[in-house]
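Asks: Before anything else, here's the structure in question.
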2 protein chains.
Amino acid sequence: MQRYGQIIKLKPDRVEEYKKLHAEVWPDVTKAIAKSNIRNYSIYLKDVMLFAYFEYHGQHFEKDMAEMAANPVIQEWWGVCKPCMIPVENREEGEWWANMEEIFHQD
Amino acid sequence: MQRYGQIIKLKPDRVEEYKKLHAEVWPDVTKAIAKSNIRNYSIYLKDVMLFAYFEYHGQHFEKDMAEMAANPVIQEWWGVCKPCMIPVENREEGEWWANMEEIFHQD
């Protein structure tokens with residue numbers, strides 16, 4: 001299992017919209033997340049700062065993420081979520097959510 | 001079980017020191033964390049931004065946190081860690097790490 005921590009921001013005037021979307025997440029989105037071998041997935045908010053934590057239980061992360069990205073339901077979901085978001089300036093090239101470095105872990 | 005997400009920053013010139021401390025965390029600190037009923041505890045870093053995720057498996061969070069805070073080893077640990085850190089300006093009164101709101105979770 002591999003843990004991931006990621007960061008991104010919200011547009012101040014779109015915070016409530018993003019929260020509402022995630023309070024009423026589409027069932028097909030949760031199915032796609034599960035199918036991608038992602039477990040124990042949480043998103044946290046502090047003002048406009050978002051943090052995501054999840055655990056990947058598959059064997060082929062890039063492949064699973066590519067399949068999820070190709071799913072029409074996920075594309076539609078991202079189509080409504082992404083306009084609420086602002087990627088952090090210090091993200092790596094090609095990232096939307098910026099991956100963070102795990103500097104401590106205790107089971 | 002209750003999940004927590006928290007945010008804080010590092011002083012730019014103390015990032016490496018904080019990383020080194022957590023790469024070589026004192027055994028008595030990990031014992032105190034475990035005794036406080038904290039499990040699956042990760043700290044993530046992106047430049048100077050820190051994010052912590054942990055799961056609390058006890059029944060009395062405030063009491064467990066107070067006992068940990070009263071532990072001389074923890075006080076010594078915080079004595080070396082805290083000078084590396086800058087609390088976020090939008091934290092609640094009395095907070096060091098600022099608690100975030102869980103807006104999404106999927107097991």
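Within each chain, counting starts at residue 1; across the structure tokens, chains are named A, B, ... in the order shown, with ligands numbered 1 upward in that order.
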Applying 8 Å and only C-alpha atoms, which residues near range 45-51 of chain B remain after dropping the ones on its own chain fewer than 3 positions away? List them as a list in words.
Replies: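 Counting only the stated atoms, we get Phe51, Asn99, Met100, Glu101, Glu102 and Ile103 of chain A; Gly5, Gln6, Ile7, Ile8, Lys9, Leu10, Lys11, Pro12 and Val15 of chain B.
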Asks: Could you give me the residues within range 22-83 of chain A that DSSP places in helix (DSSP H, G or I), as a ChimeraX atom specification?
Replies: /A:22-23,27-35,61-70,72-83
Asks: Using DSSP on the backbone coordinates, identify all residues within range 56-104 of chain A classified as strand (DSSP E); present the result as a PyMOL selection string.
Replies: chain A and resi 56+85-86+98-99+101-104
Asks: Can I get the selected residues back with all heavy atoms, as a tab-separated table (two decimals), in the first residue's frame?
Replies:
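For reference, part.tsv as written:
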chain	number	residue	atom	x	y	z
A	56	TYR	N	-3.30	3.90	-1.77
A	56	TYR	CA	-3.44	3.16	-3.02
A	56	TYR	C	-3.06	1.70	-2.79
A	56	TYR	O	-1.93	1.40	-2.38
A	56	TYR	CB	-2.53	3.78	-4.10
A	56	TYR	CG	-2.55	2.98	-5.39
A	56	TYR	CD1	-3.69	2.96	-6.20
A	56	TYR	CD2	-1.46	2.22	-5.78
A	56	TYR	CE1	-3.72	2.21	-7.36
A	56	TYR	CE2	-1.48	1.47	-6.94
A	56	TYR	CZ	-2.62	1.47	-7.72
A	56	TYR	OH	-2.66	0.71	-8.86
A	85	MET	N	-11.30	25.23	-8.60
A	85	MET	CA	-9.97	25.02	-8.03
A	85	MET	C	-8.88	25.86	-8.67
A	85	MET	O	-9.00	26.27	-9.82
A	85	MET	CB	-9.61	23.52	-8.18
A	85	MET	CG	-10.65	22.60	-7.56
A	85	MET	SD	-10.58	20.90	-8.18
A	85	MET	CE	-9.39	20.19	-7.04
A	86	ILE	N	-7.82	26.11	-7.89
A	86	ILE	CA	-6.62	26.80	-8.38
A	86	ILE	C	-5.41	25.97	-7.97
A	86	ILE	O	-5.10	25.88	-6.79
A	86	ILE	CB	-6.46	28.21	-7.75
A	86	ILE	CG1	-7.73	29.03	-7.89
A	86	ILE	CG2	-5.27	28.92	-8.35
A	86	ILE	CD1	-7.70	30.34	-7.10
A	98	ALA	N	-1.04	18.95	-6.31
A	98	ALA	CA	0.41	18.83	-6.16
A	98	ALA	C	0.74	17.75	-5.14
A	98	ALA	O	0.24	17.79	-4.01
A	98	ALA	CB	1.01	20.16	-5.71
A	99	ASN	N	1.54	16.78	-5.54
A	99	ASN	CA	1.97	15.74	-4.60
A	99	ASN	C	2.92	16.32	-3.56
A	99	ASN	O	3.79	17.12	-3.86
A	99	ASN	CB	2.66	14.61	-5.35
A	99	ASN	CG	1.66	13.70	-6.02
A	99	ASN	OD1	0.81	13.09	-5.37
A	99	ASN	ND2	1.73	13.62	-7.35
A	101	GLU	N	5.55	15.45	-0.10
A	101	GLU	CA	6.53	14.44	0.33
A	101	GLU	C	6.16	13.94	1.72
A	101	GLU	O	5.94	14.74	2.63
A	101	GLU	CB	7.91	15.11	0.36
A	101	GLU	CG	9.02	14.20	0.84
A	101	GLU	CD	10.35	14.95	1.02
A	101	GLU	OE1	10.40	16.19	0.78
A	101	GLU	OE2	11.33	14.30	1.43
A	102	GLU	N	6.10	12.63	1.87
A	102	GLU	CA	5.85	12.07	3.22
A	102	GLU	C	7.14	12.15	4.01
A	102	GLU	O	8.13	11.52	3.64
A	102	GLU	CB	5.38	10.61	3.10
A	102	GLU	CG	5.04	9.99	4.44
A	102	GLU	CD	4.70	8.50	4.33
A	102	GLU	OE1	3.70	8.16	3.69
A	102	GLU	OE2	5.47	7.69	4.88
A	103	ILE	N	7.14	12.96	5.08
A	103	ILE	CA	8.39	13.11	5.86
A	103	ILE	C	8.29	12.42	7.21
A	103	ILE	O	9.28	12.39	7.96
A	103	ILE	CB	8.76	14.60	6.05
A	103	ILE	CG1	7.69	15.34	6.83
A	103	ILE	CG2	9.02	15.26	4.70
A	103	ILE	CD1	8.17	16.70	7.34
A	104	PHE	N	7.12	11.88	7.54
A	104	PHE	CA	6.96	11.13	8.79
A	104	PHE	C	5.78	10.20	8.63
A	104	PHE	O	4.76	10.57	8.04
A	104	PHE	CB	6.70	12.09	9.96
A	104	PHE	CG	6.38	11.39	11.25
A	104	PHE	CD1	7.39	10.83	12.02
A	104	PHE	CD2	5.07	11.28	11.70
A	104	PHE	CE1	7.10	10.16	13.20
A	104	PHE	CE2	4.77	10.62	12.88
A	104	PHE	CZ	5.78	10.06	13.64
Asks: Go through B:Glu95, B:Asp13, B:Glu55, B:Asp28 one by one, measure the shortest atom-to-atom distance of each to chain A using only C-alpha atoms, and give the residue with the smallest value.
Replies: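 Of B:Glu95, B:Asp13, B:Glu55, B:Asp28, the one nearest chain A, counting only C-alpha atoms, is B:Glu55.
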Asks: Find, counting only C-alpha atoms, the residue in B:Tyr18, B:Trp78, B:Tyr44, B:Trp96 that gets nearest to Arg3 in chain A.
Replies: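 Under the stated criterion, the closest residue is B:Tyr44.
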Asks: What's the 8 Å shell around range 63-68 of chain B, counting only C-alpha atoms, without same-chain residues fewer than 2 positions away, as a PDB file with all heavy atoms, in the first residue's frame?
Replies:
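result02.pdb, freshly written:
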ATOM      1  N   ALA B  32       4.876   7.768  22.997  1.00  0.00           N
ATOM      2  CA  ALA B  32       3.863   8.683  23.540  1.00  0.00           C
ATOM      3  C   ALA B  32       2.707   8.868  22.555  1.00  0.00           C
ATOM      4  O   ALA B  32       1.542   8.933  22.958  1.00  0.00           O
ATOM      5  CB  ALA B  32       4.506  10.032  23.867  1.00  0.00           C
ATOM      6  N   ILE B  33       3.030   8.920  21.266  1.00  0.00           N
ATOM      7  CA  ILE B  33       1.980   9.049  20.244  1.00  0.00           C
ATOM      8  C   ILE B  33       1.073   7.817  20.282  1.00  0.00           C
ATOM      9  O   ILE B  33      -0.157   7.932  20.295  1.00  0.00           O
ATOM     10  CB  ILE B  33       2.616   9.225  18.840  1.00  0.00           C
ATOM     11  CG1 ILE B  33       3.288  10.597  18.733  1.00  0.00           C
ATOM     12  CG2 ILE B  33       1.576   9.041  17.733  1.00  0.00           C
ATOM     13  CD1 ILE B  33       4.159  10.781  17.488  1.00  0.00           C
ATOM     14  N   SER B  36      -1.218   7.705  23.168  1.00  0.00           N
ATOM     15  CA  SER B  36      -2.320   8.677  23.034  1.00  0.00           C
ATOM     16  C   SER B  36      -3.404   8.198  22.085  1.00  0.00           C
ATOM     17  O   SER B  36      -4.300   8.973  21.731  1.00  0.00           O
ATOM     18  CB  SER B  36      -1.765  10.009  22.532  1.00  0.00           C
ATOM     19  OG  SER B  36      -0.794  10.512  23.415  1.00  0.00           O
ATOM     20  N   ASN B  37      -3.303   6.937  21.656  1.00  0.00           N
ATOM     21  CA  ASN B  37      -4.331   6.336  20.792  1.00  0.00           C
ATOM     22  C   ASN B  37      -4.372   6.926  19.389  1.00  0.00           C
ATOM     23  O   ASN B  37      -5.405   6.904  18.720  1.00  0.00           O
ATOM     24  CB  ASN B  37      -5.716   6.424  21.446  1.00  0.00           C
ATOM     25  CG  ASN B  37      -5.780   5.636  22.741  1.00  0.00           C
ATOM     26  OD1 ASN B  37      -5.464   4.446  22.744  1.00  0.00           O
ATOM     27  ND2 ASN B  37      -6.162   6.282  23.840  1.00  0.00           N
ATOM     28  N   GLY B  58      -9.021   6.444  20.444  1.00  0.00           N
ATOM     29  CA  GLY B  58      -9.424   6.416  21.847  1.00  0.00           C
ATOM     30  C   GLY B  58     -10.840   6.942  22.048  1.00  0.00           C
ATOM     31  O   GLY B  58     -11.591   7.151  21.088  1.00  0.00           O
ATOM     32  N   HIS B  60     -11.310   9.541  24.587  1.00  0.00           N
ATOM     33  CA  HIS B  60     -11.226  10.836  25.278  1.00  0.00           C
ATOM     34  C   HIS B  60     -10.086  11.646  24.667  1.00  0.00           C
ATOM     35  O   HIS B  60      -8.986  11.710  25.240  1.00  0.00           O
ATOM     36  CB  HIS B  60     -11.012  10.615  26.780  1.00  0.00           C
ATOM     37  CG  HIS B  60     -12.041   9.721  27.401  1.00  0.00           C
ATOM     38  ND1 HIS B  60     -13.325  10.149  27.681  1.00  0.00           N
ATOM     39  CD2 HIS B  60     -11.992   8.417  27.762  1.00  0.00           C
ATOM     40  CE1 HIS B  60     -14.023   9.145  28.212  1.00  0.00           C
ATOM     41  NE2 HIS B  60     -13.242   8.079  28.272  1.00  0.00           N
ATOM     42  N   PHE B  61     -10.351  12.255  23.535  1.00  0.00           N
ATOM     43  CA  PHE B  61      -9.302  12.934  22.769  1.00  0.00           C
ATOM     44  C   PHE B  61      -8.624  14.048  23.568  1.00  0.00           C
ATOM     45  O   PHE B  61      -7.395  14.108  23.638  1.00  0.00           O
ATOM     46  CB  PHE B  61      -9.907  13.496  21.473  1.00  0.00           C
ATOM     47  CG  PHE B  61      -8.894  14.131  20.560  1.00  0.00           C
ATOM     48  CD1 PHE B  61      -8.002  13.349  19.844  1.00  0.00           C
ATOM     49  CD2 PHE B  61      -8.839  15.506  20.398  1.00  0.00           C
ATOM     50  CE1 PHE B  61      -7.056  13.925  18.995  1.00  0.00           C
ATOM     51  CE2 PHE B  61      -7.899  16.096  19.554  1.00  0.00           C
ATOM     52  CZ  PHE B  61      -7.016  15.300  18.845  1.00  0.00           C
ATOM     53  N   ALA B  70       1.686  16.880  28.609  1.00  0.00           N
ATOM     54  CA  ALA B  70       2.314  16.949  29.932  1.00  0.00           C
ATOM     55  C   ALA B  70       3.543  16.047  30.033  1.00  0.00           C
ATOM     56  O   ALA B  70       4.294  16.127  31.014  1.00  0.00           O
ATOM     57  CB  ALA B  70       1.296  16.559  31.001  1.00  0.00           C
ATOM     58  N   ASN B  71       3.767  15.211  29.034  1.00  0.00           N
ATOM     59  CA  ASN B  71       4.897  14.275  29.024  1.00  0.00           C
ATOM     60  C   ASN B  71       6.209  15.053  28.805  1.00  0.00           C
ATOM     61  O   ASN B  71       6.357  15.751  27.806  1.00  0.00           O
ATOM     62  CB  ASN B  71       4.663  13.262  27.890  1.00  0.00           C
ATOM     63  CG  ASN B  71       5.745  12.215  27.792  1.00  0.00           C
ATOM     64  OD1 ASN B  71       6.902  12.480  28.092  1.00  0.00           O
ATOM     65  ND2 ASN B  71       5.360  11.029  27.362  1.00  0.00           N
ATOM     66  N   ILE B  74       7.798  14.728  25.400  1.00  0.00           N
ATOM     67  CA  ILE B  74       7.066  15.463  24.360  1.00  0.00           C
ATOM     68  C   ILE B  74       7.361  16.956  24.468  1.00  0.00           C
ATOM     69  O   ILE B  74       7.544  17.645  23.449  1.00  0.00           O
ATOM     70  CB  ILE B  74       5.548  15.176  24.470  1.00  0.00           C
ATOM     71  CG1 ILE B  74       5.256  13.716  24.087  1.00  0.00           C
ATOM     72  CG2 ILE B  74       4.737  16.148  23.612  1.00  0.00           C
ATOM     73  CD1 ILE B  74       5.549  13.372  22.634  1.00  0.00           C
TER      74      ILE B  74
END
Asks: Select, from A:Gln106, A:Gln2, A:Gln75, A:Gln59, the residue with the minimum atom-to-atom distance to chain B, counting only C-alpha atoms.
Replies: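 Once distances to chain B are computed over only C-alpha atoms, the minimum belongs to A:Gln106.
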Asks: Please measure the separation of CA of Glu17 in chain A and CA of Val80 in chain A, giving the value in Å to one decimal.
Replies: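 Here the two named atoms are 9.4 Å from each other.
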Asks: Rounded to one decimal place, report the CA of Ala52 in chain B-CA of Lys19 in chain A distance in Å.
Replies: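 Result for CA of Ala52 in chain B versus CA of Lys19 in chain A: 20.7 Å, one decimal.
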Asks: For the atom pair CA of Phe54 in chain A and CA of His22 in chain A, what is the interatomic distance in Å to one decimal place?
Replies: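 Pair CA of Phe54 in chain A / CA of His22 in chain A returns 15.4 Å.
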